[in-house]
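For reference, start19.tsv (TSV, C-alpha atoms):
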chain	number	residue	atom	x	y	z
V	3	MET	CA	-4.16	10.48	-14.64
V	4	ALA	CA	-1.02	9.46	-12.78
V	5	ILE	CA	2.00	9.00	-15.01
V	6	VAL	CA	4.43	6.57	-13.40
V	7	LYS	CA	7.35	5.38	-15.46
V	8	PRO	CA	9.81	2.51	-15.01
V	9	PHE	CA	13.45	3.54	-14.78
V	10	ARG	CA	16.93	2.05	-14.66
V	11	GLY	CA	17.54	2.08	-10.95
V	12	LEU	CA	20.99	2.45	-9.45
V	13	ARG	CA	20.95	0.14	-6.44
V	14	PRO	CA	23.27	-1.78	-4.09
V	15	THR	CA	24.86	-5.05	-4.98
V	16	PRO	CA	22.86	-7.61	-2.94
V	17	GLU	CA	25.59	-8.58	-0.48
V	18	LEU	CA	26.06	-4.94	0.58
V	19	ALA	CA	22.44	-3.80	0.62
V	20	ASP	CA	22.09	-3.66	4.40
V	21	ARG	CA	25.33	-1.68	4.75
V	22	VAL	CA	24.53	0.77	1.97
V	23	ALA	CA	21.02	1.42	3.31
V	24	ALA	CA	20.84	4.56	5.43
V	25	LEU	CA	18.37	6.78	7.21
V	26	PRO	CA	17.13	9.79	5.22
V	27	TYR	CA	19.56	12.69	5.09
V	28	ASP	CA	17.18	15.09	6.83
V	29	VAL	CA	16.50	13.18	10.06
V	30	MET	CA	19.97	13.68	11.56
V	31	ASP	CA	22.66	16.27	11.96
V	32	SER	CA	26.22	16.02	10.69
V	33	GLU	CA	27.56	14.87	14.05
V	34	GLU	CA	25.27	11.85	14.12
V	35	ALA	CA	25.97	11.09	10.46
V	36	ARG	CA	29.70	10.99	11.23
V	37	ARG	CA	29.09	8.48	14.01
V	38	LEU	CA	26.94	6.28	11.79
V	39	THR	CA	29.50	6.21	8.98
V	40	ALA	CA	32.64	5.89	11.11
V	41	ASN	CA	32.89	2.12	10.66
V	42	ASN	CA	30.90	1.76	7.44
V	43	PRO	CA	32.59	2.83	4.20
V	44	TYR	CA	29.54	1.69	2.22
V	45	SER	CA	26.90	3.88	3.90
V	46	PHE	CA	24.87	5.91	1.43
V	47	LEU	CA	25.16	8.81	3.88
V	48	ARG	CA	28.54	9.38	2.21
V	49	VAL	CA	26.49	10.57	-0.76
V	50	THR	CA	23.49	12.18	0.95
V	51	LYS	CA	25.51	13.80	3.77
V	52	ALA	CA	28.93	13.95	2.18
V	53	GLU	CA	30.28	16.33	4.81
V	54	VAL	CA	31.10	13.17	6.81
V	55	ASP	CA	34.19	12.84	4.59
V	56	LEU	CA	35.27	16.46	5.06
V	57	PRO	CA	36.57	18.49	8.05
V	58	PRO	CA	34.04	18.80	10.91
V	59	ASP	CA	33.89	22.61	10.72
V	60	ILE	CA	32.87	22.74	7.05
V	61	ASP	CA	29.68	24.54	6.04
V	62	THR	CA	27.26	21.76	5.10
V	63	HIS	CA	26.04	23.87	2.16
V	64	SER	CA	29.53	24.49	0.84
V	65	PRO	CA	30.16	23.62	-2.83
V	66	ALA	CA	32.85	21.25	-1.55
V	67	VAL	CA	30.17	19.13	0.14
V	68	TYR	CA	28.16	18.73	-3.05
V	69	GLU	CA	31.32	17.99	-5.02
V	70	LYS	CA	32.24	15.33	-2.47
V	71	ALA	CA	28.77	13.82	-2.87
V	72	ARG	CA	29.37	13.60	-6.62
V	73	GLU	CA	32.81	12.02	-6.10
V	74	ASN	CA	31.49	9.47	-3.61
V	75	LEU	CA	28.57	8.49	-5.83
V	76	GLN	CA	30.88	7.99	-8.79
V	77	GLN	CA	33.25	5.95	-6.61
V	78	PHE	CA	30.40	3.72	-5.46
V	79	ILE	CA	29.52	3.10	-9.11
V	80	GLN	CA	33.12	2.50	-10.12
V	81	ASP	CA	33.64	0.05	-7.24
V	82	LYS	CA	30.36	-1.71	-8.12
V	83	ILE	CA	28.91	-1.00	-4.71
V	84	LEU	CA	26.01	0.36	-6.75
V	85	ILE	CA	24.90	-1.26	-10.00
V	86	GLN	CA	22.43	-0.05	-12.59
V	87	ASP	CA	19.72	-2.21	-14.11
V	88	ASP	CA	20.07	-2.85	-17.83
V	89	GLN	CA	16.46	-1.99	-18.62
V	90	PRO	CA	13.76	0.23	-17.13
V	91	CYS	CA	12.08	-1.46	-14.16
V	92	TYR	CA	9.57	-0.85	-11.45
V	93	TYR	CA	10.51	-1.71	-7.87
V	94	VAL	CA	8.01	-2.98	-5.32
V	95	TYR	CA	9.09	-1.93	-1.84
V	96	LYS	CA	7.69	-3.57	1.32
V	97	GLN	CA	8.41	-1.96	4.67
V	98	LYS	CA	7.57	-3.56	8.03
V	99	MET	CA	7.72	-1.63	11.28
V	100	GLY	CA	6.40	-3.62	14.23
V	101	ASP	CA	3.03	-5.00	13.15
V	102	HIS	CA	2.55	-2.43	10.39
V	103	ILE	CA	3.31	-3.36	6.78
V	104	GLN	CA	3.06	-1.06	3.79
V	105	VAL	CA	3.81	-1.83	0.16
V	106	GLY	CA	4.69	0.82	-2.38
V	107	LEU	CA	5.85	1.18	-5.96
V	108	ALA	CA	9.14	2.92	-6.71
V	109	ALA	CA	8.85	4.71	-10.02
V	110	ALA	CA	9.69	7.89	-11.91
V	111	VAL	CA	6.81	10.37	-11.75
V	112	SER	CA	6.09	13.41	-13.88
V	113	VAL	CA	7.39	16.91	-13.11
V	114	ASP	CA	4.64	18.27	-15.37
V	115	GLU	CA	1.99	16.55	-13.25
V	116	TYR	CA	3.61	18.06	-10.17
V	117	GLN	CA	3.42	21.51	-11.78
V	118	GLU	CA	-0.17	20.90	-12.89
V	119	ASN	CA	-1.21	19.88	-9.34
V	120	ILE	CA	-2.06	16.32	-10.35
V	121	ILE	CA	0.59	15.48	-7.77
V	122	ARG	CA	-0.85	17.39	-4.83
V	123	LYS	CA	1.05	19.18	-2.08
V	124	HIS	CA	0.07	19.93	1.51
V	125	GLU	CA	3.08	21.90	2.79
V	126	PHE	CA	5.09	24.95	1.90
V	127	THR	CA	8.84	24.46	1.53
V	128	ARG	CA	11.76	26.15	3.26
V	129	PRO	CA	13.93	27.99	0.70
V	130	ASP	CA	17.22	26.88	2.29
V	131	LYS	CA	16.23	23.20	2.34
V	132	GLU	CA	14.88	23.40	-1.20
V	133	GLN	CA	18.09	25.03	-2.45
V	134	ASP	CA	20.15	22.35	-0.72
V	135	ARG	CA	18.36	19.66	-2.73
V	136	VAL	CA	18.72	21.66	-5.95
V	137	ASP	CA	22.47	21.91	-5.38
V	138	HIS	CA	22.73	18.23	-4.50
V	139	ILE	CA	20.82	17.06	-7.58
V	140	THR	CA	22.79	19.40	-9.82
V	141	ALA	CA	26.16	18.27	-8.48
V	142	THR	CA	25.48	14.53	-8.45
V	143	GLU	CA	23.24	14.48	-11.55
V	144	ALA	CA	21.10	12.07	-9.57
V	145	GLN	CA	18.08	12.01	-7.31
V	146	THR	CA	19.29	10.23	-4.22
V	147	GLY	CA	16.12	10.36	-2.12
V	148	ALA	CA	12.61	9.30	-3.01
V	149	VAL	CA	9.48	11.40	-2.55
V	150	PHE	CA	6.82	9.45	-0.64
V	151	LEU	CA	3.44	9.63	-2.37
V	152	THR	CA	0.05	8.19	-1.58
V	153	TYR	CA	-3.04	7.50	-3.69
V	154	LYS	CA	-6.55	6.21	-3.18
V	155	ALA	CA	-6.19	2.45	-2.91
V	156	ASN	CA	-6.88	0.67	-6.20
V	157	PRO	CA	-7.64	-3.08	-6.38
V	158	THR	CA	-6.00	-3.52	-9.79
V	159	VAL	CA	-2.76	-1.94	-8.62
V	160	LYS	CA	-2.81	-4.04	-5.44
V	161	GLU	CA	-3.26	-7.23	-7.45
V	162	LEU	CA	-0.31	-6.35	-9.71
V	163	LEU	CA	1.97	-5.52	-6.77
V	164	ASP	CA	0.94	-8.71	-4.96
V	165	GLN	CA	1.78	-10.64	-8.11
V	166	ALA	CA	5.22	-9.02	-8.26
V	167	MET	CA	5.90	-10.15	-4.70
V	168	THR	CA	5.44	-13.83	-5.55
V	169	LYS	CA	8.97	-13.83	-6.98
V	170	PRO	CA	12.13	-13.91	-4.86
V	171	PRO	CA	13.10	-10.43	-3.61
V	172	ALA	CA	16.27	-8.66	-4.64
V	173	TYR	CA	16.80	-7.54	-1.03
V	174	ASP	CA	15.33	-8.60	2.29
V	175	PHE	CA	16.93	-7.36	5.50
V	176	THR	CA	16.19	-5.77	8.85
V	177	ALA	CA	18.00	-2.54	9.66
V	178	ASP	CA	19.51	-1.64	13.03
V	179	ASP	CA	16.35	0.26	13.99
V	180	GLY	CA	14.27	-2.92	13.62
V	181	ILE	CA	12.50	-1.89	10.42
V	182	SER	CA	12.44	-4.59	7.74
V	183	HIS	CA	12.98	-3.73	4.08
V	184	THR	CA	12.13	-5.98	1.14
V	185	LEU	CA	12.46	-4.99	-2.51
V	186	TYR	CA	11.27	-6.78	-5.65
V	187	VAL	CA	12.42	-5.88	-9.15
V	188	VAL	CA	9.69	-5.81	-11.83
V	189	ASN	CA	11.32	-6.09	-15.24
V	190	GLU	CA	9.04	-8.46	-17.17
V	191	PRO	CA	7.63	-6.31	-20.04
V	192	SER	CA	4.01	-7.36	-19.65
V	193	GLN	CA	4.05	-6.67	-15.91
V	194	VAL	CA	5.69	-3.30	-16.47
V	195	ALA	CA	3.06	-2.37	-19.06
V	196	ALA	CA	0.21	-3.52	-16.81
V	197	ILE	CA	1.40	-1.43	-13.87
V	198	GLU	CA	1.87	1.66	-16.02
V	199	ALA	CA	-1.63	1.22	-17.46
V	200	ALA	CA	-3.21	0.68	-14.04
V	201	PHE	CA	-1.84	3.93	-12.64
V	202	LYS	CA	-3.38	5.84	-15.53
V	203	ASN	CA	-6.72	5.16	-13.81
V	204	ILE	CA	-5.55	6.90	-10.65
V	205	PRO	CA	-6.48	10.59	-11.00
V	206	ILE	CA	-4.37	12.14	-8.24
V	207	LEU	CA	-1.20	11.44	-6.27
V	208	TYR	CA	-0.57	13.16	-2.93
V	209	ILE	CA	2.82	14.01	-1.44
V	210	ALA	CA	3.07	12.45	2.01
V	211	ASP	CA	6.73	13.30	2.54
V	212	GLY	CA	9.30	14.96	0.29
V	213	HIS	CA	8.03	18.44	-0.55
V	214	HIS	CA	11.58	19.80	-0.72
V	215	ARG	CA	12.80	16.95	-2.92
V	216	SER	CA	9.90	17.32	-5.36
V	217	ALA	CA	10.16	21.12	-5.50
V	218	ALA	CA	13.90	20.87	-6.10
V	219	ALA	CA	13.41	18.31	-8.87
V	220	ALA	CA	10.96	20.66	-10.57
V	221	ARG	CA	13.43	23.54	-10.39
V	222	VAL	CA	16.27	21.43	-11.76
V	223	CYS	CA	13.99	20.22	-14.55
V	224	GLN	CA	13.14	23.78	-15.55
V	225	ALA	CA	16.82	24.74	-15.60
V	226	CYS	CA	17.65	21.72	-17.75
V	227	ARG	CA	14.81	22.48	-20.16
V	228	THR	CA	16.07	26.03	-20.54
V	229	ALA	CA	19.64	24.89	-21.15
V	230	ASN	CA	18.73	22.09	-23.57
V	231	LYS	CA	17.95	23.53	-27.01
V	232	ASN	CA	16.89	20.08	-28.17
V	233	HIS	CA	14.53	19.40	-25.26
V	234	ASN	CA	11.76	16.98	-26.30
V	235	GLY	CA	10.15	15.93	-23.01
V	236	THR	CA	11.60	12.40	-22.87
V	237	GLU	CA	14.72	13.31	-20.89
V	238	GLU	CA	15.20	11.84	-17.42
V	239	TYR	CA	15.09	15.28	-15.82
V	240	ASN	CA	11.37	15.44	-16.66
V	241	THR	CA	10.67	12.96	-13.86
V	242	PHE	CA	11.60	12.52	-10.22
V	243	LEU	CA	12.07	9.50	-8.00
V	244	ALA	CA	9.10	8.52	-5.86
V	245	VAL	CA	7.58	5.62	-3.94
V	246	ALA	CA	3.78	5.53	-4.04
V	247	PHE	CA	1.80	3.76	-1.30
V	248	PRO	CA	-1.98	3.19	-1.22
V	249	HIS	CA	-3.75	5.36	1.33
V	250	ASP	CA	-5.08	2.42	3.33
V	251	MET	CA	-1.54	1.20	4.03
V	252	MET	CA	0.11	4.54	4.75
V	253	TYR	CA	1.39	5.16	8.25
V	254	ILE	CA	2.16	8.83	8.79
V	255	MET	CA	4.48	9.58	11.68
V	256	ASP	CA	4.57	12.71	13.78
V	257	TYR	CA	6.78	15.61	12.71
V	258	ASN	CA	8.02	17.38	15.81
V	259	ARG	CA	9.56	20.79	16.48
V	260	VAL	CA	12.46	22.17	18.50
V	261	VAL	CA	13.15	25.87	19.01
V	262	HIS	CA	16.48	27.47	19.85
V	263	ASP	CA	15.26	29.99	22.47
V	264	LEU	CA	12.22	31.27	24.35
V	265	ASN	CA	12.16	34.64	22.58
V	266	GLY	CA	13.62	36.42	25.60
V	267	LEU	CA	11.14	34.93	28.09
V	268	LYS	CA	11.99	33.13	31.30
V	269	PRO	CA	10.46	29.62	31.51
V	270	ALA	CA	7.79	30.65	34.02
V	271	ASP	CA	6.78	33.66	31.92
V	272	PHE	CA	6.78	31.53	28.80
V	273	ILE	CA	4.37	29.03	30.38
V	274	ALA	CA	2.19	31.88	31.59
V	275	GLN	CA	1.91	33.13	28.00
V	276	LEU	CA	0.74	29.69	26.85
V	277	LEU	CA	-2.24	29.70	29.20
V	278	LYS	CA	-4.16	32.05	26.89
V	279	ASN	CA	-4.70	29.32	24.29
V	280	PHE	CA	-3.72	26.08	26.04
V	281	THR	CA	-4.22	24.21	29.25
V	282	VAL	CA	-0.79	23.29	30.58
V	283	GLU	CA	-0.29	20.22	32.75
V	284	LYS	CA	2.93	18.86	34.16
V	285	HIS	CA	3.55	15.31	32.88
V	286	PRO	CA	5.77	13.61	35.47
V	287	ALA	CA	5.52	10.15	33.91
V	288	GLY	CA	8.15	10.89	31.29
V	289	PRO	CA	7.78	11.84	27.62
V	290	PHE	CA	4.33	12.89	26.47
V	291	LYS	CA	3.51	11.60	23.00
V	292	PRO	CA	0.08	12.91	21.95
V	293	GLN	CA	-2.54	10.26	21.30
V	294	GLN	CA	-5.28	12.53	19.99
V	295	PRO	CA	-5.61	15.73	17.97
V	296	HIS	CA	-5.19	19.17	19.54
V	297	THR	CA	-2.83	17.91	22.25
V	298	PHE	CA	0.90	18.56	22.28
V	299	GLY	CA	3.89	17.47	24.30
V	300	MET	CA	6.36	20.10	25.48
V	301	TYR	CA	9.85	19.40	26.83
V	302	LEU	CA	11.26	22.33	28.78
V	303	ASN	CA	13.88	22.52	31.55
V	304	ALA	CA	14.25	18.71	31.66
V	305	GLY	CA	10.51	18.22	32.21
V	306	TRP	CA	7.55	17.21	30.08
V	307	TYR	CA	4.21	18.99	29.86
V	308	LYS	CA	0.90	18.22	28.18
V	309	LEU	CA	-0.62	21.12	26.25
V	310	THR	CA	-4.27	21.00	25.17
V	311	ALA	CA	-5.66	23.60	22.77
V	312	LYS	CA	-8.57	25.44	24.38
V	313	ALA	CA	-11.97	25.42	22.72
V	314	GLY	CA	-12.43	28.58	20.67
V	315	SER	CA	-8.73	29.08	20.10
V	316	PHE	CA	-8.99	27.78	16.53
V	317	ASP	CA	-11.62	27.53	13.79
V	318	THR	CA	-13.02	24.00	13.64
V	319	SER	CA	-14.61	24.71	10.24
V	320	ASP	CA	-11.28	25.58	8.61
V	321	PRO	CA	-9.62	22.39	7.27
V	322	VAL	CA	-6.18	23.99	7.45
V	323	GLY	CA	-6.69	26.07	10.57
V	324	LYS	CA	-7.83	23.10	12.67
V	325	LEU	CA	-4.72	21.06	11.89
V	326	ASP	CA	-2.40	20.68	14.86
V	327	VAL	CA	0.49	22.17	12.89
V	328	SER	CA	-1.61	25.29	12.33
V	329	ILE	CA	-2.78	25.49	15.94
V	330	LEU	CA	0.78	25.28	17.22
V	331	GLN	CA	1.96	27.84	14.69
V	332	ASN	CA	-0.89	30.34	15.09
V	333	ASN	CA	-1.35	30.09	18.87
V	334	LEU	CA	2.18	29.51	20.13
V	335	LEU	CA	5.08	29.71	17.70
V	336	THR	CA	4.07	33.05	16.19
V	337	PRO	CA	2.52	35.01	19.10
V	338	VAL	CA	4.73	33.68	21.90
V	339	LEU	CA	8.02	32.67	20.31
V	340	GLY	CA	7.99	35.20	17.48
V	341	ILE	CA	8.42	32.65	14.70
V	342	GLN	CA	6.45	34.28	11.89
V	343	ASP	CA	7.44	31.96	9.05
V	344	PRO	CA	8.79	28.51	9.95
V	345	ARG	CA	9.99	28.11	6.37
V	346	ILE	CA	12.73	30.69	6.77
V	347	ASP	CA	13.22	31.15	10.52
V	348	LYS	CA	16.54	29.62	11.58
V	349	ARG	CA	15.38	29.32	15.20
V	350	ILE	CA	13.09	26.35	14.52
V	351	HIS	CA	14.05	22.84	13.47
V	352	PHE	CA	11.90	19.85	12.54
V	353	VAL	CA	12.47	16.34	13.88
V	354	GLY	CA	10.94	13.24	12.28
V	355	GLY	CA	8.90	11.09	14.62
V	356	ILE	CA	10.94	8.02	13.75
V	357	ARG	CA	13.67	9.46	16.00
V	358	GLY	CA	11.42	9.13	19.03
V	359	MET	CA	10.86	11.33	22.06
V	360	GLN	CA	14.41	10.69	23.23
V	361	GLU	CA	15.74	12.71	20.30
V	362	LEU	CA	13.72	15.73	21.44
V	363	GLU	CA	15.13	15.32	24.94
V	364	ARG	CA	18.66	14.96	23.60
V	365	LEU	CA	18.46	18.14	21.52
V	366	VAL	CA	17.12	20.25	24.39
V	367	ASP	CA	19.41	18.72	27.02
V	368	SER	CA	22.40	19.46	24.78
V	369	GLY	CA	21.71	23.17	25.18
V	370	ARG	CA	21.33	23.71	21.43
V	371	TYR	CA	17.57	24.15	21.80
V	372	ALA	CA	15.44	25.56	24.60
V	373	VAL	CA	12.13	23.79	24.03
V	374	ALA	CA	10.68	20.88	22.06
V	375	PHE	CA	7.13	20.10	20.97
V	376	SER	CA	5.82	16.62	20.18
V	377	MET	CA	2.93	16.45	17.74
V	378	PHE	CA	-0.01	14.18	16.98
V	379	ALA	CA	0.54	12.90	13.45
V	380	THR	CA	-1.54	14.35	10.63
V	381	SER	CA	-3.96	11.67	9.41
V	382	ILE	CA	-3.92	10.43	5.84
V	383	GLU	CA	-7.50	11.72	5.47
V	384	GLU	CA	-6.42	15.22	6.52
V	385	LEU	CA	-3.47	15.11	4.15
V	386	MET	CA	-5.64	14.11	1.20
V	387	ASP	CA	-8.31	16.64	2.11
V	388	ILE	CA	-5.78	19.48	2.13
V	389	GLY	CA	-4.37	18.20	-1.17
V	390	ARG	CA	-7.83	18.09	-2.75
V	391	ARG	CA	-8.45	21.68	-1.69
V	392	SER	CA	-4.99	22.66	-3.00
V	393	GLY	CA	-4.24	24.54	0.19
V	394	TYR	CA	-1.02	24.07	2.11
V	395	ALA	CA	-0.46	23.70	5.83
V	396	ALA	CA	2.58	25.41	7.25

Will you turn the file into structure tokens for me?
Amino acid sequence: MAIVKPFRGLRPTPELADRVAALPYDVMDSEEARRLTANNPYSFLRVTKAEVDLPPDIDTHSPAVYEKARENLQQFIQDKILIQDDQPCYYVYKQKMGDHIQVGLAAAVSVDEYQENIIRKHEFTRPDKEQDRVDHITATEAQTGAVFLTYKANPTVKELLDQAMTKPPAYDFTADDGISHTLYVVNEPSQVAAIEAAFKNIPILYIADGHHRSAAAARVCQACRTANKNHNGTEEYNTFLAVAFPHDMMYIMDYNRVVHDLNGLKPADFIAQLLKNFTVEKHPAGPFKPQQPHTFGMYLNAGWYKLTAKAGSFDTSDPVGKLDVSILQNNLLTPVLGIQDPRIDKRIHFVGGIRGMQELERLVDSGRYAVAFSMFATSIEELMDIGRRSGYAA
């Protein structure tokens, strides 16, 4: 069963909510974060990317960065930019992007269920990114980013969340990127009890986004259990922050790749190497954003290409092997670019689809990266299938 617990959320005072709200820490670099916070002292990036308040040449994984995150979080609390609810609550979160609306429940979920694979994974983690979150949680004594979960849609849960949304929201604003955010606080005891009971009938939760955050929370929990001689299982470190959305509302965006170099190849030779497993077509009409599986966009030398995986270049009967992330890894990143393990190779970087194709162009045009690949988003059915099989895609 899915254990979801109410918690005493630390959240913005209503009049500052739209200024505190920030993009996730891992969709931007430090340079962009500095620009976004330059005229906004309230941005939560000052906690999640605290290097913005330190010299530009600082190592982003320096202890000073994590200490600054702790200081900034405490200052936000002291200045009442962030306030904590007096009692444990659930939080119903509605997100609207264009015509798409999804409604999730923010709650504390069980580390034990994560360890027991009741909360299912579909990706491996990168050790450096996982350690970064461990250090951040340890320094701030807080979980500052939610793990996005999904579950098989349940009519009882939907009815309870719909009921919660009949009351006035605590926040309702549209961010600069056009995405609308609405949050409802559920603190009435009978509603809280009903939601907790309803989730006990949901057998499995699946991680849609946040593998590094959940893995880090589990590591911090284990360290705290070891250090606490009076551990009894009720401590806050036994849970981690998550927002759970029903599968029929989830919109999974693409997760794109950029690579620093062509592994010693000239562009023409690189393209020639691709022809073994892909058809390669010039795409003169601008950015190519794949609209179907097994197709990929490639941005190289200021031009876009369409790559299509050739029949027979992957195993259609393998649920992991036929995923686009696996096809790109097995047929291009490893054999052509020499990236054996994307979890630890510093030459590859991942770019969330919310940044758009222009972000891939910007990164390559800047000279920091040589090539970018746009991906067709993994479907929610594929994600859940991999989770059910307890296998991970790279």

Show me a table, sorted first by chain and then by increasing residue number, of the residues of segment 207-269 of chain V having an atom at most 7 Å from segment 103-110 of chain V, each with its shortest atom pair and the distance in Å to one decimal, counting only C-alpha atoms and written as JSON lines.
{"residue": "V:Thr241", "atom": "CA", "partner": "V:Ala110", "partner_atom": "CA", "distance": 5.5}
{"residue": "V:Phe242", "atom": "CA", "partner": "V:Ala110", "partner_atom": "CA", "distance": 5.3}
{"residue": "V:Leu243", "atom": "CA", "partner": "V:Ala110", "partner_atom": "CA", "distance": 4.9}
{"residue": "V:Ala244", "atom": "CA", "partner": "V:Ala109", "partner_atom": "CA", "distance": 5.6}
{"residue": "V:Val245", "atom": "CA", "partner": "V:Ala108", "partner_atom": "CA", "distance": 4.2}
{"residue": "V:Ala246", "atom": "CA", "partner": "V:Gly106", "partner_atom": "CA", "distance": 5.1}
{"residue": "V:Phe247", "atom": "CA", "partner": "V:Gly106", "partner_atom": "CA", "distance": 4.3}
{"residue": "V:Met251", "atom": "CA", "partner": "V:Gln104", "partner_atom": "CA", "distance": 5.1}
{"residue": "V:Met252", "atom": "CA", "partner": "V:Gln104", "partner_atom": "CA", "distance": 6.4}

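Within 10 Å of Met99 of chain V, once only C-alpha atoms are used and residues closer than 6 positions along the same chain are dropped, the contacting residues are V:Thr176, V:Asp179, V:Gly180, V:Ile181, V:Ser182, V:His183, V:Tyr253.
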
Go ahead and dump the residues you just picked, C-alpha atoms, as a JSON list (two decimals), in the coordinates of the input.
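Final output, saved to part.json:
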[["chain", "number", "residue", "atom", "x", "y", "z"],
["V", 176, "THR", "CA", 16.19, -5.77, 8.85],
["V", 179, "ASP", "CA", 16.35, 0.26, 13.99],
["V", 180, "GLY", "CA", 14.27, -2.92, 13.62],
["V", 181, "ILE", "CA", 12.50, -1.89, 10.42],
["V", 182, "SER", "CA", 12.44, -4.59, 7.74],
["V", 183, "HIS", "CA", 12.98, -3.73, 4.08],
["V", 253, "TYR", "CA", 1.39, 5.16, 8.25]]

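You can rank V:Pro43, V:Pro292, V:Pro65, V:Pro58 by their closest distance to Gln77 of chain V using all atoms listed in the file, and at the top of that list sits V:Pro43.
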
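The coordinates place atom CA of Val94 of chain V at 24.1 Å from atom CA of Gly354 of chain V.
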
Spatial neighbours of Ala141 of chain V, 9 Å, all atoms listed in the file, chain gap at least 5 places, as a list in words: Pro65, Tyr68, Glu69, Ala71, Arg72 and Val136 of chain V

Given all atoms listed in the file as the counted atoms, nearest of V:Ala144, V:Met30, V:Val187, V:Val261 to Thr168 of chain V: V:Val187

Please rebuild segment 43-57 of chain V with N, CA and C atoms and return the result as a PDB file, in the frame of the given file.
ATOM      1  N   PRO V  43      32.213   2.096   5.422  1.00  0.00           N
ATOM      2  CA  PRO V  43      32.590   2.830   4.200  1.00  0.00           C
ATOM      3  C   PRO V  43      31.530   2.765   3.115  1.00  0.00           C
ATOM      4  N   TYR V  44      30.541   1.885   3.267  1.00  0.00           N
ATOM      5  CA  TYR V  44      29.540   1.690   2.220  1.00  0.00           C
ATOM      6  C   TYR V  44      28.264   2.503   2.449  1.00  0.00           C
ATOM      7  N   SER V  45      28.131   3.160   3.584  1.00  0.00           N
ATOM      8  CA  SER V  45      26.900   3.880   3.900  1.00  0.00           C
ATOM      9  C   SER V  45      26.565   4.915   2.836  1.00  0.00           C
ATOM     10  N   PHE V  46      25.305   4.949   2.442  1.00  0.00           N
ATOM     11  CA  PHE V  46      24.870   5.910   1.430  1.00  0.00           C
ATOM     12  C   PHE V  46      24.845   7.329   1.990  1.00  0.00           C
ATOM     13  N   LEU V  47      25.012   7.472   3.306  1.00  0.00           N
ATOM     14  CA  LEU V  47      25.160   8.810   3.880  1.00  0.00           C
ATOM     15  C   LEU V  47      26.389   9.513   3.315  1.00  0.00           C
ATOM     16  N   ARG V  48      27.347   8.757   2.807  1.00  0.00           N
ATOM     17  CA  ARG V  48      28.540   9.380   2.210  1.00  0.00           C
ATOM     18  C   ARG V  48      28.181  10.116   0.924  1.00  0.00           C
ATOM     19  N   VAL V  49      26.998   9.832   0.398  1.00  0.00           N
ATOM     20  CA  VAL V  49      26.490  10.570  -0.760  1.00  0.00           C
ATOM     21  C   VAL V  49      25.484  11.634  -0.314  1.00  0.00           C
ATOM     22  N   THR V  50      24.565  11.258   0.563  1.00  0.00           N
ATOM     23  CA  THR V  50      23.490  12.180   0.950  1.00  0.00           C
ATOM     24  C   THR V  50      23.924  13.191   2.005  1.00  0.00           C
ATOM     25  N   LYS V  51      24.954  12.856   2.803  1.00  0.00           N
ATOM     26  CA  LYS V  51      25.510  13.800   3.770  1.00  0.00           C
ATOM     27  C   LYS V  51      27.034  13.729   3.669  1.00  0.00           C
ATOM     28  N   ALA V  52      27.524  14.155   2.531  1.00  0.00           N
ATOM     29  CA  ALA V  52      28.930  13.950   2.180  1.00  0.00           C
ATOM     30  C   ALA V  52      29.898  14.726   3.063  1.00  0.00           C
ATOM     31  N   GLU V  53      29.383  15.622   3.892  1.00  0.00           N
ATOM     32  CA  GLU V  53      30.280  16.330   4.810  1.00  0.00           C
ATOM     33  C   GLU V  53      30.977  15.390   5.782  1.00  0.00           C
ATOM     34  N   VAL V  54      30.457  14.142   5.907  1.00  0.00           N
ATOM     35  CA  VAL V  54      31.100  13.170   6.810  1.00  0.00           C
ATOM     36  C   VAL V  54      32.528  12.868   6.371  1.00  0.00           C
ATOM     37  N   ASP V  55      32.845  13.104   5.106  1.00  0.00           N
ATOM     38  CA  ASP V  55      34.190  12.840   4.590  1.00  0.00           C
ATOM     39  C   ASP V  55      35.027  14.108   4.461  1.00  0.00           C
ATOM     40  N   LEU V  56      34.576  15.179   5.106  1.00  0.00           N
ATOM     41  CA  LEU V  56      35.270  16.460   5.060  1.00  0.00           C
ATOM     42  C   LEU V  56      35.488  16.963   6.490  1.00  0.00           C
ATOM     43  N   PRO V  57      36.300  17.990   6.698  1.00  0.00           N
ATOM     44  CA  PRO V  57      36.570  18.490   8.050  1.00  0.00           C
ATOM     45  C   PRO V  57      35.285  18.843   8.801  1.00  0.00           C
TER      46      PRO V  57
END
